[in-house]
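Enquirer: First, the structure itself, so that you have it in front of you.
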Amino acid sequence: MNKVFILFLVAICLLGFIGCADKKLPSEIPEDAIIIDSAEIYRKYAVLPLCDVIEALGFELTHNGDSASFYCNNIEYVISITKKTLTIAGDDENYLICPPGNKHFVCELSNGDLMVDDGTVHALFFTFLEYPIEIIIDKTSNRVAIVKK
């Protein structure tokens, strides 16, 4: 009985340590990566200006006051800066939601920019826009890079 309890306790401790470990990040940023200079880097995540990311990836943003729109895969998306939403044009389902497992959800206004955490940006492009990207946080040189997959 004691052996089972000790094995159970050891397994829980190991899973706890694995869950707390930092993400393994690539040491080199590929040459074709897009550098996001305006990102804010924290211990385990980064916060990115959503419109800057979209434009850096080559999408043409059309600004209209508080909102902006762009096309991805022939679908028009609309960003409302003050409402903190990204929707398909004519729809009201917000795609700026906390992805499962994301412990650092950020979706806030800062100096007129809509700032979103790297996990949410990754999930947005991979899941909803069907435009897979990889986000590389290089803490050594204090920069964030994005690579289209």
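In the structure tokens, chains take letters A, B, ... by order of appearance, with residues numbered from 1 within each chain and ligands from 1 in the order shown.
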I'd like the contact shell of A:Leu61 - 8 Å cut-off, only C-alpha atoms, skipping same-chain residues fewer than 4 positions apart - returned as a PyMOL selection string.
Expert: chain A and resi 51+54-55+68-70
Enquirer: Excluding A:Cys107 and its own-chain neighbours fewer than 5 positions away, which residues fall within 12 Å of it when counting only C-alpha atoms? Please give them as a PyMOL selection string.
Expert: chain A and resi 46-50+80-86+94-98+113-121
Enquirer: Take atom CA of A:Pro132 and atom CA of A:Lys149 and report the distance between them in Å, one decimal.
Expert: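 A separation of 5.5 Å between them.
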Enquirer: With the cut-off set at 8 Å and counting only C-alpha atoms, tabulate each residue of stretch 15-92 of chain A with an atom at most that distance from an atom of stretch 137-145 of chain A, showing the nearest atom pair and its distance in Å to one decimal, ordered by chain and increasing number, as CSV.
Expert:
residue,atom,partner,partner_atom,distance
A:Leu25,CA,A:Ile137,CA,7.0
A:Ser27,CA,A:Asp138,CA,7.5
A:Ile29,CA,A:Ala145,CA,7.1
A:Ala33,CA,A:Ala145,CA,5.8
A:Ile34,CA,A:Ala145,CA,5.3
A:Ile35,CA,A:Ala145,CA,4.4
A:Ile36,CA,A:Val144,CA,5.5
A:Asp37,CA,A:Arg143,CA,6.5
A:Ala39,CA,A:Val144,CA,6.6
A:Ile41,CA,A:Asn142,CA,7.0
A:Tyr45,CA,A:Ile137,CA,7.6
A:Ala46,CA,A:Ile137,CA,7.1
Enquirer: Mind writing the picked residues with N, CA, C and O atoms as an mmCIF file, in the first residue's frame?
Expert:
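To be explicit, this is the file written out as selection_26.cif:
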data_model
loop_
_atom_site.group_PDB
_atom_site.id
_atom_site.type_symbol
_atom_site.label_atom_id
_atom_site.label_comp_id
_atom_site.auth_asym_id
_atom_site.auth_seq_id
_atom_site.Cartn_x
_atom_site.Cartn_y
_atom_site.Cartn_z
ATOM 1 N N LEU A 25 12.561 26.525 -26.858
ATOM 2 C CA LEU A 25 12.491 27.412 -28.005
ATOM 3 C C LEU A 25 13.700 27.202 -28.899
ATOM 4 O O LEU A 25 14.798 26.961 -28.417
ATOM 5 N N SER A 27 16.974 27.853 -30.927
ATOM 6 C CA SER A 27 18.045 28.792 -30.614
ATOM 7 C C SER A 27 18.305 29.751 -31.761
ATOM 8 O O SER A 27 18.832 30.826 -31.561
ATOM 9 N N ILE A 29 16.803 31.836 -35.220
ATOM 10 C CA ILE A 29 15.624 32.311 -35.932
ATOM 11 C C ILE A 29 15.895 32.151 -37.421
ATOM 12 O O ILE A 29 16.924 32.616 -37.915
ATOM 13 N N ALA A 33 12.112 34.475 -41.299
ATOM 14 C CA ALA A 33 11.227 34.886 -40.203
ATOM 15 C C ALA A 33 10.937 36.381 -40.273
ATOM 16 O O ALA A 33 11.744 37.171 -40.755
ATOM 17 N N ILE A 34 9.780 36.717 -39.765
ATOM 18 C CA ILE A 34 9.367 38.116 -39.659
ATOM 19 C C ILE A 34 9.579 38.537 -38.216
ATOM 20 O O ILE A 34 9.054 37.901 -37.298
ATOM 21 N N ILE A 35 10.332 39.594 -37.995
ATOM 22 C CA ILE A 35 10.618 40.075 -36.651
ATOM 23 C C ILE A 35 9.563 41.109 -36.262
ATOM 24 O O ILE A 35 9.295 42.054 -37.004
ATOM 25 N N ILE A 36 8.970 40.913 -35.088
ATOM 26 C CA ILE A 36 7.983 41.860 -34.556
ATOM 27 C C ILE A 36 8.694 42.688 -33.481
ATOM 28 O O ILE A 36 8.908 42.224 -32.357
ATOM 29 N N ASP A 37 9.097 43.901 -33.840
ATOM 30 C CA ASP A 37 9.873 44.755 -32.934
ATOM 31 C C ASP A 37 9.048 45.313 -31.782
ATOM 32 O O ASP A 37 9.596 45.645 -30.745
ATOM 33 N N ALA A 39 6.830 43.853 -29.909
ATOM 34 C CA ALA A 39 6.328 42.849 -28.965
ATOM 35 C C ALA A 39 6.867 43.128 -27.564
ATOM 36 O O ALA A 39 7.953 43.676 -27.400
ATOM 37 N N ILE A 41 7.981 41.147 -24.239
ATOM 38 C CA ILE A 41 8.376 39.798 -23.852
ATOM 39 C C ILE A 41 8.361 39.669 -22.336
ATOM 40 O O ILE A 41 8.934 40.499 -21.625
ATOM 41 N N TYR A 45 5.858 34.157 -21.960
ATOM 42 C CA TYR A 45 5.005 34.488 -23.105
ATOM 43 C C TYR A 45 5.385 35.864 -23.643
ATOM 44 O O TYR A 45 6.198 36.579 -23.051
ATOM 45 N N ALA A 46 4.780 36.209 -24.755
ATOM 46 C CA ALA A 46 4.981 37.527 -25.351
ATOM 47 C C ALA A 46 3.613 38.108 -25.699
ATOM 48 O O ALA A 46 2.652 37.371 -25.917
#
Enquirer: Taking 5 positions as the minimum chain separation for residues in the same chain, which residues sit within 10 Å of A:Asn73 when counting only C-alpha atoms? Answer as an MDAnalysis selection string.
Expert: chainID A and resid 129:131
Enquirer: Using N, CA and C atoms, can you export the residues from the last selection as a PDB file, in the first residue's frame?
Expert:
ATOM      1  N   LEU A 129      -8.071  31.117 -38.964  1.00  0.00           N
ATOM      2  CA  LEU A 129      -7.698  31.646 -40.272  1.00  0.00           C
ATOM      3  C   LEU A 129      -7.106  30.582 -41.195  1.00  0.00           C
ATOM      4  N   GLU A 130      -6.804  29.408 -40.642  1.00  0.00           N
ATOM      5  CA  GLU A 130      -6.189  28.317 -41.394  1.00  0.00           C
ATOM      6  C   GLU A 130      -4.947  28.800 -42.142  1.00  0.00           C
ATOM      7  N   TYR A 131      -4.100  29.525 -41.408  1.00  0.00           N
ATOM      8  CA  TYR A 131      -2.847  30.083 -41.916  1.00  0.00           C
ATOM      9  C   TYR A 131      -1.794  29.809 -40.847  1.00  0.00           C
TER      10      TYR A 131
END
Enquirer: Between atom CA of A:Phe105 and atom CA of A:Gly65, measure the distance and give it in Å to one decimal.
Expert: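 These two atoms are separated by 26.0 Å.
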Enquirer: Please give the complete set of residues from chain A that DSSP, run on the backbone, assigns to strand (DSSP E or B), formatted as a PyMOL selection string.
Expert: chain A and resi 34-36+40-41+46-49+62-64+67-72+75-80+85-88+107-110+113-117+133-138+143-148
Enquirer: Can those selected residues be exported to a file as a CSV table (one decimal), in the first residue's frame so that it contains N, CA and C atoms?
Expert:
chain,number,residue,atom,x,y,z
A,34,ILE,N,9.8,36.7,-39.8
A,34,ILE,CA,9.4,38.1,-39.7
A,34,ILE,C,9.6,38.5,-38.2
A,35,ILE,N,10.3,39.6,-38.0
A,35,ILE,CA,10.6,40.1,-36.7
A,35,ILE,C,9.6,41.1,-36.3
A,36,ILE,N,9.0,40.9,-35.1
A,36,ILE,CA,8.0,41.9,-34.6
A,36,ILE,C,8.7,42.7,-33.5
A,40,GLU,N,6.1,42.7,-26.6
A,40,GLU,CA,6.5,42.8,-25.2
A,40,GLU,C,6.8,41.4,-24.7
A,41,ILE,N,8.0,41.1,-24.2
A,41,ILE,CA,8.4,39.8,-23.9
A,41,ILE,C,8.4,39.7,-22.3
A,46,ALA,N,4.8,36.2,-24.8
A,46,ALA,CA,5.0,37.5,-25.4
A,46,ALA,C,3.6,38.1,-25.7
A,47,VAL,N,3.5,39.4,-25.7
A,47,VAL,CA,2.3,40.1,-26.1
A,47,VAL,C,2.6,40.9,-27.4
A,48,LEU,N,1.8,40.7,-28.4
A,48,LEU,CA,2.0,41.3,-29.8
A,48,LEU,C,0.9,42.2,-30.2
A,49,PRO,N,1.3,43.3,-30.9
A,49,PRO,CA,0.2,44.1,-31.5
A,49,PRO,C,-0.4,43.4,-32.7
A,62,THR,N,-7.2,47.3,-44.1
A,62,THR,CA,-7.9,48.5,-44.5
A,62,THR,C,-8.5,49.1,-43.2
A,63,HIS,N,-8.0,50.3,-42.8
A,63,HIS,CA,-8.4,50.9,-41.6
A,63,HIS,C,-9.6,51.8,-41.8
A,64,ASN,N,-10.6,51.7,-40.9
A,64,ASN,CA,-11.8,52.5,-40.9
A,64,ASN,C,-12.1,53.0,-39.5
A,67,SER,N,-12.0,50.4,-36.6
A,67,SER,CA,-11.9,49.0,-37.1
A,67,SER,C,-10.9,48.9,-38.2
A,68,ALA,N,-10.6,47.7,-38.5
A,68,ALA,CA,-9.7,47.4,-39.7
A,68,ALA,C,-10.2,46.1,-40.2
A,69,SER,N,-10.0,45.9,-41.5
A,69,SER,CA,-10.4,44.6,-42.2
A,69,SER,C,-9.3,44.1,-43.0
A,70,PHE,N,-9.3,42.8,-43.3
A,70,PHE,CA,-8.3,42.2,-44.1
A,70,PHE,C,-8.9,40.9,-44.7
A,71,TYR,N,-8.3,40.3,-45.7
A,71,TYR,CA,-8.8,39.1,-46.3
A,71,TYR,C,-7.7,38.0,-46.1
A,72,CYS,N,-8.2,36.8,-45.7
A,72,CYS,CA,-7.3,35.7,-45.6
A,72,CYS,C,-8.1,34.5,-46.1
A,75,ILE,N,-11.6,35.2,-47.3
A,75,ILE,CA,-12.7,35.5,-46.3
A,75,ILE,C,-12.3,36.8,-45.7
A,76,GLU,N,-13.3,37.7,-45.6
A,76,GLU,CA,-13.0,39.0,-45.0
A,76,GLU,C,-13.2,39.0,-43.5
A,77,TYR,N,-12.2,39.5,-42.8
A,77,TYR,CA,-12.2,39.5,-41.3
A,77,TYR,C,-12.2,41.0,-40.9
A,78,VAL,N,-12.8,41.2,-39.8
A,78,VAL,CA,-12.9,42.6,-39.3
A,78,VAL,C,-12.4,42.6,-37.8
A,79,ILE,N,-11.6,43.6,-37.5
A,79,ILE,CA,-11.0,43.8,-36.2
A,79,ILE,C,-11.6,45.1,-35.6
A,80,SER,N,-12.2,45.0,-34.5
A,80,SER,CA,-12.7,46.2,-33.7
A,80,SER,C,-11.7,46.4,-32.6
A,85,THR,N,-12.3,42.6,-30.7
A,85,THR,CA,-12.9,41.5,-31.4
A,85,THR,C,-12.2,41.3,-32.7
A,86,LEU,N,-12.2,40.1,-33.2
A,86,LEU,CA,-11.9,39.8,-34.6
A,86,LEU,C,-12.9,38.8,-35.1
A,87,THR,N,-13.7,39.2,-36.1
A,87,THR,CA,-14.8,38.4,-36.5
A,87,THR,C,-14.8,38.3,-38.1
A,88,ILE,N,-15.5,37.4,-38.6
A,88,ILE,CA,-15.8,37.3,-40.0
A,88,ILE,C,-16.8,38.4,-40.3
A,107,CYS,N,-5.7,40.2,-24.0
A,107,CYS,CA,-6.4,40.9,-25.1
A,107,CYS,C,-6.8,42.3,-24.6
A,108,GLU,N,-5.9,43.2,-24.8
A,108,GLU,CA,-6.1,44.6,-24.2
A,108,GLU,C,-5.7,45.7,-25.2
A,109,LEU,N,-6.2,46.9,-24.9
A,109,LEU,CA,-5.8,48.1,-25.6
A,109,LEU,C,-4.5,48.7,-25.0
A,110,SER,N,-3.6,49.1,-25.8
A,110,SER,CA,-2.4,49.8,-25.3
A,110,SER,C,-2.0,50.8,-26.3
A,113,ASP,N,-3.3,50.3,-29.8
A,113,ASP,CA,-3.1,49.0,-30.4
A,113,ASP,C,-3.9,47.9,-29.6
A,114,LEU,N,-4.3,46.9,-30.4
A,114,LEU,CA,-4.9,45.8,-29.8
A,114,LEU,C,-3.8,44.8,-29.5
A,115,MET,N,-3.5,44.5,-28.3
A,115,MET,CA,-2.3,43.7,-27.9
A,115,MET,C,-2.9,42.3,-27.5
A,116,VAL,N,-2.3,41.2,-28.0
A,116,VAL,CA,-2.7,39.9,-27.8
A,116,VAL,C,-1.5,39.0,-27.5
A,117,ASP,N,-1.7,38.0,-26.6
A,117,ASP,CA,-0.6,37.1,-26.3
A,117,ASP,C,-0.3,36.2,-27.4
A,133,ILE,N,1.2,29.4,-38.4
A,133,ILE,CA,2.5,30.1,-38.2
A,133,ILE,C,3.2,29.5,-37.0
A,134,GLU,N,4.4,29.8,-36.8
A,134,GLU,CA,5.2,29.5,-35.6
A,134,GLU,C,5.7,30.8,-35.0
A,135,ILE,N,5.5,30.9,-33.7
A,135,ILE,CA,6.0,32.1,-33.1
A,135,ILE,C,7.2,31.7,-32.2
A,136,ILE,N,8.3,32.4,-32.4
A,136,ILE,CA,9.6,32.1,-31.7
A,136,ILE,C,9.9,33.3,-30.8
A,137,ILE,N,10.0,33.0,-29.5
A,137,ILE,CA,10.3,34.1,-28.6
A,137,ILE,C,11.8,33.9,-28.2
A,138,ASP,N,12.6,34.8,-28.7
A,138,ASP,CA,14.1,34.8,-28.4
A,138,ASP,C,14.4,35.7,-27.3
A,143,ARG,N,13.6,39.5,-28.8
A,143,ARG,CA,12.8,39.8,-29.9
A,143,ARG,C,11.8,38.6,-30.2
A,144,VAL,N,10.8,38.8,-31.0
A,144,VAL,CA,9.8,37.8,-31.3
A,144,VAL,C,9.8,37.7,-32.9
A,145,ALA,N,9.9,36.5,-33.3
A,145,ALA,CA,9.9,36.2,-34.8
A,145,ALA,C,8.7,35.3,-35.1
A,146,ILE,N,8.1,35.5,-36.3
A,146,ILE,CA,7.0,34.7,-36.8
A,146,ILE,C,7.4,34.1,-38.1
A,147,VAL,N,7.2,32.8,-38.2
A,147,VAL,CA,7.5,32.0,-39.5
A,147,VAL,C,6.2,31.4,-40.0
A,148,LYS,N,5.9,31.6,-41.2
A,148,LYS,CA,4.8,30.9,-41.8
A,148,LYS,C,5.2,29.4,-42.1
